[in-house]
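Next comes structure08.txt, with compact mmCIF, N, CA and C atoms.
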```txt
# COMPACT_ATOMS: atom_id res chain seq x y z
N VAL A 242 0.86 -1.18 0.00
CA VAL A 242 0.00 0.00 0.00
C VAL A 242 0.90 1.23 0.00
N ASP A 243 0.54 2.18 -0.86
CA ASP A 243 1.37 3.36 -1.01
C ASP A 243 0.45 4.52 -1.38
N GLU A 244 1.03 5.71 -1.47
CA GLU A 244 0.27 6.90 -1.88
C GLU A 244 -1.03 7.01 -1.07
N VAL A 245 -0.88 7.08 0.24
CA VAL A 245 -2.03 7.15 1.15
C VAL A 245 -2.39 8.62 1.37
N PHE A 246 -3.66 8.93 1.19
CA PHE A 246 -4.18 10.28 1.44
C PHE A 246 -5.39 10.17 2.34
N LYS A 247 -6.06 11.30 2.62
CA LYS A 247 -7.12 11.29 3.62
C LYS A 247 -8.35 10.47 3.24
N ASN A 248 -8.50 10.13 1.96
CA ASN A 248 -9.66 9.31 1.59
C ASN A 248 -9.35 8.26 0.52
N SER A 249 -8.05 7.98 0.31
CA SER A 249 -7.68 6.97 -0.69
C SER A 249 -6.31 6.39 -0.39
N ALA A 250 -6.05 5.24 -1.02
CA ALA A 250 -4.74 4.59 -0.93
C ALA A 250 -4.56 3.74 -2.18
N THR A 251 -3.33 3.63 -2.65
CA THR A 251 -3.03 2.80 -3.81
C THR A 251 -2.51 1.46 -3.31
N VAL A 252 -3.14 0.38 -3.79
CA VAL A 252 -2.78 -0.98 -3.38
C VAL A 252 -2.04 -1.64 -4.54
N TYR A 253 -0.88 -2.24 -4.24
CA TYR A 253 -0.05 -2.94 -5.23
C TYR A 253 0.04 -4.41 -4.85
N TRP A 254 0.21 -5.29 -5.84
CA TRP A 254 0.37 -6.71 -5.57
C TRP A 254 1.06 -7.38 -6.75
N LYS A 255 1.47 -8.62 -6.56
CA LYS A 255 2.03 -9.44 -7.63
C LYS A 255 0.98 -10.46 -8.05
N GLY A 256 0.92 -10.74 -9.33
CA GLY A 256 -0.03 -11.73 -9.83
C GLY A 256 0.34 -13.13 -9.35
N PRO A 257 -0.59 -14.08 -9.41
CA PRO A 257 -0.31 -15.43 -8.95
C PRO A 257 0.62 -16.19 -9.91
N LYS A 258 1.34 -17.15 -9.36
CA LYS A 258 2.22 -17.99 -10.19
C LYS A 258 1.38 -18.96 -11.02
N ASP A 259 0.22 -19.34 -10.51
CA ASP A 259 -0.66 -20.30 -11.19
C ASP A 259 -1.97 -19.61 -11.52
N ASP A 260 -2.33 -19.59 -12.80
CA ASP A 260 -3.59 -18.95 -13.20
C ASP A 260 -4.77 -19.91 -13.22
N GLY A 261 -4.55 -21.16 -12.73
CA GLY A 261 -5.63 -22.15 -12.67
C GLY A 261 -5.95 -22.76 -14.02
N GLY A 262 -5.10 -22.53 -15.02
CA GLY A 262 -5.34 -23.10 -16.34
C GLY A 262 -6.14 -22.19 -17.25
N CYS A 263 -6.59 -21.05 -16.74
CA CYS A 263 -7.34 -20.07 -17.53
C CYS A 263 -6.73 -18.70 -17.30
N GLU A 264 -6.80 -17.88 -18.30
CA GLU A 264 -6.23 -16.53 -18.19
C GLU A 264 -6.92 -15.75 -17.07
N ILE A 265 -6.12 -15.00 -16.29
CA ILE A 265 -6.67 -14.11 -15.28
C ILE A 265 -7.43 -12.99 -16.00
N LYS A 266 -8.64 -12.73 -15.58
CA LYS A 266 -9.46 -11.67 -16.19
C LYS A 266 -9.26 -10.33 -15.48
N HIS A 267 -9.21 -10.37 -14.14
CA HIS A 267 -9.04 -9.15 -13.35
C HIS A 267 -8.74 -9.54 -11.89
N TYR A 268 -8.49 -8.52 -11.09
CA TYR A 268 -8.24 -8.71 -9.66
C TYR A 268 -9.28 -7.94 -8.87
N ILE A 269 -9.62 -8.46 -7.70
CA ILE A 269 -10.59 -7.83 -6.81
C ILE A 269 -9.86 -7.42 -5.55
N VAL A 270 -10.00 -6.14 -5.17
CA VAL A 270 -9.37 -5.62 -3.96
C VAL A 270 -10.46 -5.34 -2.93
N GLU A 271 -10.26 -5.88 -1.74
CA GLU A 271 -11.21 -5.69 -0.64
C GLU A 271 -10.50 -5.01 0.51
N CYS A 272 -11.28 -4.33 1.36
CA CYS A 272 -10.69 -3.73 2.55
C CYS A 272 -11.54 -4.06 3.77
N LEU A 273 -10.88 -4.03 4.90
CA LEU A 273 -11.52 -4.23 6.19
C LEU A 273 -11.24 -2.98 7.00
N ASP A 274 -12.29 -2.22 7.34
CA ASP A 274 -12.16 -1.02 8.15
C ASP A 274 -12.12 -1.46 9.61
N LEU A 275 -10.95 -1.43 10.22
CA LEU A 275 -10.80 -1.91 11.58
C LEU A 275 -11.53 -1.04 12.59
N SER A 276 -11.92 0.18 12.21
CA SER A 276 -12.64 1.07 13.10
C SER A 276 -14.14 0.76 13.12
N MET A 277 -14.62 0.04 12.11
CA MET A 277 -16.07 -0.14 11.96
C MET A 277 -16.55 -1.57 12.20
N GLY A 278 -15.71 -2.56 12.12
CA GLY A 278 -16.21 -3.92 12.30
C GLY A 278 -15.35 -4.95 11.64
N ASN A 279 -15.97 -6.09 11.30
CA ASN A 279 -15.19 -7.19 10.77
C ASN A 279 -15.73 -7.72 9.44
N MET A 280 -16.19 -6.81 8.58
CA MET A 280 -16.72 -7.23 7.29
C MET A 280 -15.84 -6.69 6.15
N TRP A 281 -15.34 -7.62 5.32
CA TRP A 281 -14.55 -7.22 4.15
C TRP A 281 -15.49 -6.67 3.08
N VAL A 282 -15.08 -5.58 2.43
CA VAL A 282 -15.89 -4.92 1.42
C VAL A 282 -15.04 -4.72 0.16
N THR A 283 -15.61 -5.02 -1.00
CA THR A 283 -14.90 -4.78 -2.26
C THR A 283 -14.79 -3.28 -2.48
N VAL A 284 -13.55 -2.81 -2.73
CA VAL A 284 -13.33 -1.38 -2.94
C VAL A 284 -12.86 -1.06 -4.36
N ALA A 285 -12.36 -2.08 -5.07
CA ALA A 285 -11.89 -1.81 -6.43
C ALA A 285 -11.68 -3.12 -7.18
N MET A 286 -11.70 -3.03 -8.52
CA MET A 286 -11.34 -4.15 -9.39
C MET A 286 -10.38 -3.61 -10.43
N SER A 287 -9.38 -4.42 -10.76
CA SER A 287 -8.44 -4.00 -11.80
C SER A 287 -9.13 -4.05 -13.15
N GLU A 288 -8.56 -3.34 -14.12
CA GLU A 288 -9.15 -3.29 -15.45
C GLU A 288 -8.65 -4.40 -16.36
N GLY A 289 -7.80 -5.27 -15.85
CA GLY A 289 -7.30 -6.37 -16.67
C GLY A 289 -6.25 -7.16 -15.92
N PRO A 290 -5.73 -8.21 -16.55
CA PRO A 290 -4.80 -9.10 -15.87
C PRO A 290 -3.42 -8.50 -15.64
N ASP A 291 -3.04 -7.50 -16.41
CA ASP A 291 -1.71 -6.90 -16.27
C ASP A 291 -1.69 -5.72 -15.31
N ASN A 292 -2.84 -5.27 -14.89
CA ASN A 292 -2.92 -4.13 -13.97
C ASN A 292 -2.88 -4.65 -12.54
N THR A 293 -1.74 -4.50 -11.88
CA THR A 293 -1.57 -5.02 -10.51
C THR A 293 -1.47 -3.89 -9.49
N GLN A 294 -2.26 -2.86 -9.71
CA GLN A 294 -2.41 -1.79 -8.73
C GLN A 294 -3.73 -1.10 -8.98
N VAL A 295 -4.37 -0.68 -7.92
CA VAL A 295 -5.61 0.09 -8.02
C VAL A 295 -5.63 1.13 -6.90
N GLU A 296 -6.41 2.17 -7.12
CA GLU A 296 -6.62 3.17 -6.09
C GLU A 296 -7.92 2.82 -5.37
N ALA A 297 -7.82 2.57 -4.07
CA ALA A 297 -9.01 2.35 -3.24
C ALA A 297 -9.50 3.73 -2.80
N ARG A 298 -10.72 4.08 -3.18
CA ARG A 298 -11.26 5.41 -2.91
C ARG A 298 -12.38 5.35 -1.88
N ASN A 299 -12.82 6.51 -1.47
CA ASN A 299 -13.93 6.68 -0.52
C ASN A 299 -13.62 6.05 0.85
N LEU A 300 -12.35 6.08 1.24
CA LEU A 300 -11.97 5.62 2.56
C LEU A 300 -12.22 6.75 3.56
N VAL A 301 -12.24 6.45 4.83
CA VAL A 301 -12.55 7.44 5.86
C VAL A 301 -11.26 7.89 6.55
N GLU A 302 -11.03 9.18 6.54
CA GLU A 302 -9.83 9.73 7.16
C GLU A 302 -9.73 9.34 8.63
N GLY A 303 -8.54 8.93 9.03
CA GLY A 303 -8.31 8.55 10.42
C GLY A 303 -8.62 7.10 10.74
N HIS A 304 -9.23 6.38 9.80
CA HIS A 304 -9.54 4.96 10.04
C HIS A 304 -8.35 4.09 9.63
N ARG A 305 -8.25 2.93 10.24
CA ARG A 305 -7.21 1.95 9.92
C ARG A 305 -7.83 0.85 9.08
N TYR A 306 -7.12 0.48 8.01
CA TYR A 306 -7.63 -0.50 7.05
C TYR A 306 -6.63 -1.63 6.84
N MET A 307 -7.17 -2.79 6.54
CA MET A 307 -6.39 -3.91 6.00
C MET A 307 -6.93 -4.14 4.60
N PHE A 308 -6.05 -4.60 3.70
CA PHE A 308 -6.45 -4.86 2.32
C PHE A 308 -6.12 -6.30 1.96
N ARG A 309 -6.88 -6.86 1.01
CA ARG A 309 -6.59 -8.17 0.46
C ARG A 309 -6.98 -8.19 -1.01
N VAL A 310 -6.33 -9.10 -1.76
CA VAL A 310 -6.52 -9.16 -3.21
C VAL A 310 -6.80 -10.59 -3.64
N SER A 311 -7.74 -10.74 -4.59
CA SER A 311 -8.06 -12.04 -5.19
C SER A 311 -7.91 -11.91 -6.70
N ALA A 312 -7.53 -13.01 -7.33
CA ALA A 312 -7.48 -13.08 -8.80
C ALA A 312 -8.76 -13.76 -9.28
N ALA A 313 -9.23 -13.37 -10.45
CA ALA A 313 -10.44 -13.98 -11.00
C ALA A 313 -10.19 -14.39 -12.45
N ASN A 314 -10.65 -15.61 -12.79
CA ASN A 314 -10.63 -16.05 -14.18
C ASN A 314 -12.04 -16.51 -14.53
N LYS A 315 -12.24 -17.15 -15.68
CA LYS A 315 -13.60 -17.52 -16.10
C LYS A 315 -14.21 -18.61 -15.21
N VAL A 316 -13.39 -19.32 -14.45
CA VAL A 316 -13.88 -20.39 -13.57
C VAL A 316 -14.35 -19.84 -12.23
N GLY A 317 -13.68 -18.80 -11.75
CA GLY A 317 -14.06 -18.25 -10.45
C GLY A 317 -12.98 -17.35 -9.88
N GLN A 318 -13.06 -17.19 -8.56
CA GLN A 318 -12.19 -16.27 -7.84
C GLN A 318 -11.27 -17.04 -6.89
N SER A 319 -10.01 -16.64 -6.82
CA SER A 319 -9.05 -17.30 -5.92
C SER A 319 -9.33 -16.92 -4.47
N ASP A 320 -8.70 -17.65 -3.56
CA ASP A 320 -8.73 -17.23 -2.17
C ASP A 320 -7.97 -15.91 -2.07
N PRO A 321 -8.43 -15.00 -1.20
CA PRO A 321 -7.74 -13.72 -1.10
C PRO A 321 -6.42 -13.83 -0.35
N VAL A 322 -5.50 -12.96 -0.69
CA VAL A 322 -4.22 -12.83 0.00
C VAL A 322 -4.18 -11.44 0.62
N GLU A 323 -3.92 -11.40 1.93
CA GLU A 323 -3.88 -10.11 2.63
C GLU A 323 -2.59 -9.37 2.34
N VAL A 324 -2.72 -8.08 2.13
CA VAL A 324 -1.57 -7.21 2.00
C VAL A 324 -1.04 -6.98 3.41
N ARG A 325 0.26 -7.09 3.59
CA ARG A 325 0.85 -6.97 4.93
C ARG A 325 0.58 -5.62 5.57
N GLY A 326 0.32 -5.66 6.86
CA GLY A 326 0.23 -4.44 7.65
C GLY A 326 -1.13 -3.79 7.65
N VAL A 327 -1.24 -2.80 8.51
CA VAL A 327 -2.45 -2.00 8.66
C VAL A 327 -2.12 -0.61 8.15
N THR A 328 -3.05 -0.01 7.42
CA THR A 328 -2.84 1.30 6.83
C THR A 328 -3.72 2.33 7.50
N LEU A 329 -3.11 3.37 8.04
CA LEU A 329 -3.84 4.50 8.60
C LEU A 329 -4.07 5.49 7.46
N VAL A 330 -5.34 5.80 7.20
CA VAL A 330 -5.69 6.68 6.09
C VAL A 330 -5.68 8.13 6.59
N ARG A 331 -4.70 8.88 6.05
CA ARG A 331 -4.58 10.32 6.36
C ARG A 331 -3.62 10.93 5.35
N ASP A 332 -3.68 12.24 5.22
CA ASP A 332 -2.76 12.92 4.33
C ASP A 332 -1.34 12.77 4.84
N PRO A 333 -0.35 12.74 3.95
CA PRO A 333 1.04 12.53 4.37
C PRO A 333 1.70 13.77 4.95
N TRP A 334 1.00 14.86 5.04
CA TRP A 334 1.56 16.07 5.60
C TRP A 334 0.68 16.53 6.75
N ASP A 335 1.26 17.37 7.60
CA ASP A 335 0.55 17.92 8.76
C ASP A 335 0.60 19.43 8.71
N ALA A 336 -0.19 20.07 9.56
CA ALA A 336 -0.12 21.52 9.71
C ALA A 336 1.24 21.86 10.31
N PRO A 337 1.77 23.04 10.03
CA PRO A 337 3.06 23.40 10.61
C PRO A 337 2.98 23.54 12.12
N GLY A 338 4.13 23.45 12.76
CA GLY A 338 4.19 23.67 14.20
C GLY A 338 3.95 25.14 14.51
N GLU A 339 3.75 25.43 15.76
CA GLU A 339 3.49 26.84 16.12
C GLU A 339 4.77 27.65 16.00
N CYS A 340 4.61 28.94 15.72
CA CYS A 340 5.76 29.83 15.63
C CYS A 340 6.36 30.02 17.01
N GLY A 341 7.62 30.43 17.02
CA GLY A 341 8.29 30.69 18.30
C GLY A 341 7.79 31.98 18.93
N ARG A 342 8.42 32.33 20.01
CA ARG A 342 8.04 33.52 20.77
C ARG A 342 8.15 34.77 19.91
N CYS A 343 7.17 35.63 20.00
CA CYS A 343 7.11 36.87 19.23
C CYS A 343 7.72 38.00 20.07
N SER A 344 8.49 38.87 19.42
CA SER A 344 9.10 40.01 20.11
C SER A 344 8.82 41.28 19.33
N VAL A 345 8.59 42.38 20.03
CA VAL A 345 8.41 43.68 19.41
C VAL A 345 9.78 44.32 19.28
N ILE A 346 10.16 44.68 18.04
CA ILE A 346 11.46 45.31 17.80
C ILE A 346 11.34 46.83 17.90
N ASP A 347 10.29 47.36 17.32
CA ASP A 347 10.08 48.81 17.31
C ASP A 347 8.58 49.06 17.21
N TRP A 348 8.13 50.16 17.71
CA TRP A 348 6.72 50.48 17.60
C TRP A 348 6.50 51.97 17.69
N MET A 349 5.40 52.40 17.12
CA MET A 349 4.92 53.79 17.16
C MET A 349 3.40 53.68 17.29
N PRO A 350 2.72 54.75 17.46
CA PRO A 350 1.26 54.67 17.60
C PRO A 350 0.57 54.07 16.37
N THR A 351 1.20 54.11 15.18
CA THR A 351 0.53 53.61 13.98
C THR A 351 1.13 52.33 13.42
N PHE A 352 2.19 51.78 14.04
CA PHE A 352 2.78 50.54 13.52
C PHE A 352 3.56 49.84 14.63
N ALA A 353 3.88 48.58 14.33
CA ALA A 353 4.78 47.81 15.22
C ALA A 353 5.57 46.87 14.34
N ASP A 354 6.87 46.76 14.59
CA ASP A 354 7.73 45.77 13.92
C ASP A 354 7.89 44.58 14.86
N LEU A 355 7.56 43.40 14.34
CA LEU A 355 7.61 42.18 15.14
C LEU A 355 8.63 41.20 14.55
N THR A 356 9.13 40.31 15.36
CA THR A 356 9.98 39.22 14.89
C THR A 356 9.62 37.98 15.68
N TRP A 357 9.83 36.83 15.05
CA TRP A 357 9.57 35.54 15.73
C TRP A 357 10.40 34.47 15.05
N THR A 358 10.58 33.36 15.74
CA THR A 358 11.33 32.25 15.16
C THR A 358 10.38 31.40 14.33
N GLU A 359 10.93 30.76 13.31
CA GLU A 359 10.12 29.91 12.43
C GLU A 359 9.63 28.67 13.17
N PRO A 360 8.54 28.07 12.65
CA PRO A 360 8.06 26.84 13.29
C PRO A 360 9.06 25.71 13.14
```
Rewritten as structure tokens:
Amino acid sequence: VDEVFKNSATVYWKGPKDDGGCEIKHYIVECLDLSMGNMWVTVAMSEGPDNTQVEARNLVEGHRYMFRVSAANKVGQSDPVEVRGVTLVRDPWDAPGECGRCSVIDWMPTFADLTWTEP
């Protein structure tokens, strides 16, 4: 899992070594929202057998997710394989820290010159 933002994450995987004797048609990506319960939900399907990444959208900011992937051919769907780890969905950046102490350098009745240290 990579490229995690406040409501999406990109899931990557490797295709299976065995296609079951039939060409892989697509992959199914499911997620488990650990904040909400224990039900796996389909969040995306690949557009073909060579596409081994998808963007899982409409995730909830601040929630922790697990992902798993299944391969599908004309016979059916494989057992899912879980993607390692738990993903916290949030933007990769934060608000800046607070500025340092502010000091008045000079002032008059109509202005003031201030200085402070950077966050």
Write out as an MDAnalysis selection string the residues lying within 8 Å of region 246-252 of chain A, counting only N, CA and C atoms and excluding same-chain residues fewer than 4 positions away.
-> chainID A and resid 242 293:304 308 329:334
Expected answer as number ranges by chain: strand (DSSP E) residues in chain A | A: 243-246, 249-253, 267-274, 282-286, 294-297, 305-313, 322-323, 328-329, 343-349, 352-357
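Residues having any atom no farther than 6.5 Å from (-2.8, -6.5, 5.6) (counting all atoms listed in the file) are Tyr306, Met307, Phe308, Arg309, Glu323, Val324, Arg325, Gly326 and Val327 of chain A.
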Just how far from CA of Arg305 (chain A) is CA of Asp243 (chain A), in Å to one decimal?
-> 14.0 Å
From the set A:Gly338, A:Gly278, A:Pro350, A:Gly261, which residue has the shortest atom-to-atom contact distance to Ala313 (chain A), counting only C-alpha atoms?
-> A:Gly261
Can you pull out every residue within 6.5 Å of Asp320 (chain A), counting only N, CA and C atoms, but drop anything in the same chain fewer than 5 positions away, and send it as a short mmCIF file (atom, residue, chain, number, x, y, z; two decimals) with N, CA and C atoms, in the frame of the given file?
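Result saved to out_6.cif:
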```cif
data_model
loop_
_atom_site.label_atom_id
_atom_site.label_comp_id
_atom_site.auth_asym_id
_atom_site.auth_seq_id
_atom_site.Cartn_x
_atom_site.Cartn_y
_atom_site.Cartn_z
N VAL A 310 -6.33 -9.10 -1.76
CA VAL A 310 -6.52 -9.16 -3.21
C VAL A 310 -6.80 -10.59 -3.64
N SER A 311 -7.74 -10.74 -4.59
CA SER A 311 -8.06 -12.04 -5.19
C SER A 311 -7.91 -11.91 -6.70
N ALA A 312 -7.53 -13.01 -7.33
CA ALA A 312 -7.48 -13.08 -8.80
C ALA A 312 -8.76 -13.76 -9.28
#
```
If you measure from atom N of Val245 (chain A) to atom C of Leu275 (chain A), what distance in Å do you get, rounded to one decimal?
-> 18.2 Å
Top pick for closest residue to Asp260 (chain A), considering A:Pro337, A:Asn314, A:Asp291, A:Thr283 and counting only N, CA and C atoms =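 Result for the nearest residue to Asp260 (chain A): A:Asn314.
Atom N of Tyr253 (chain A) is positioned 27.6 Å from CA of Ala336 (chain A).
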Can you list, as a ChimeraX atom specification, every protein, DNA or RNA residue that comes within 7 Å of Glu339 (chain A) when you count only N, CA and C atoms, leaving out same-chain residues fewer than 5 positions away?
-> /A:358-360
Around region 315-324 of chain A, fit a box with edges along x, y and z, padding it by 6 Å on each side, then list its centre and edge lengths in Å to one decimal as lines of an AutoDock Vina configuration file.
```
center_x = -7.7
center_y = -13.7
center_z = -6.3
size_x = 25.3
size_y = 25.4
size_z = 31.5
```
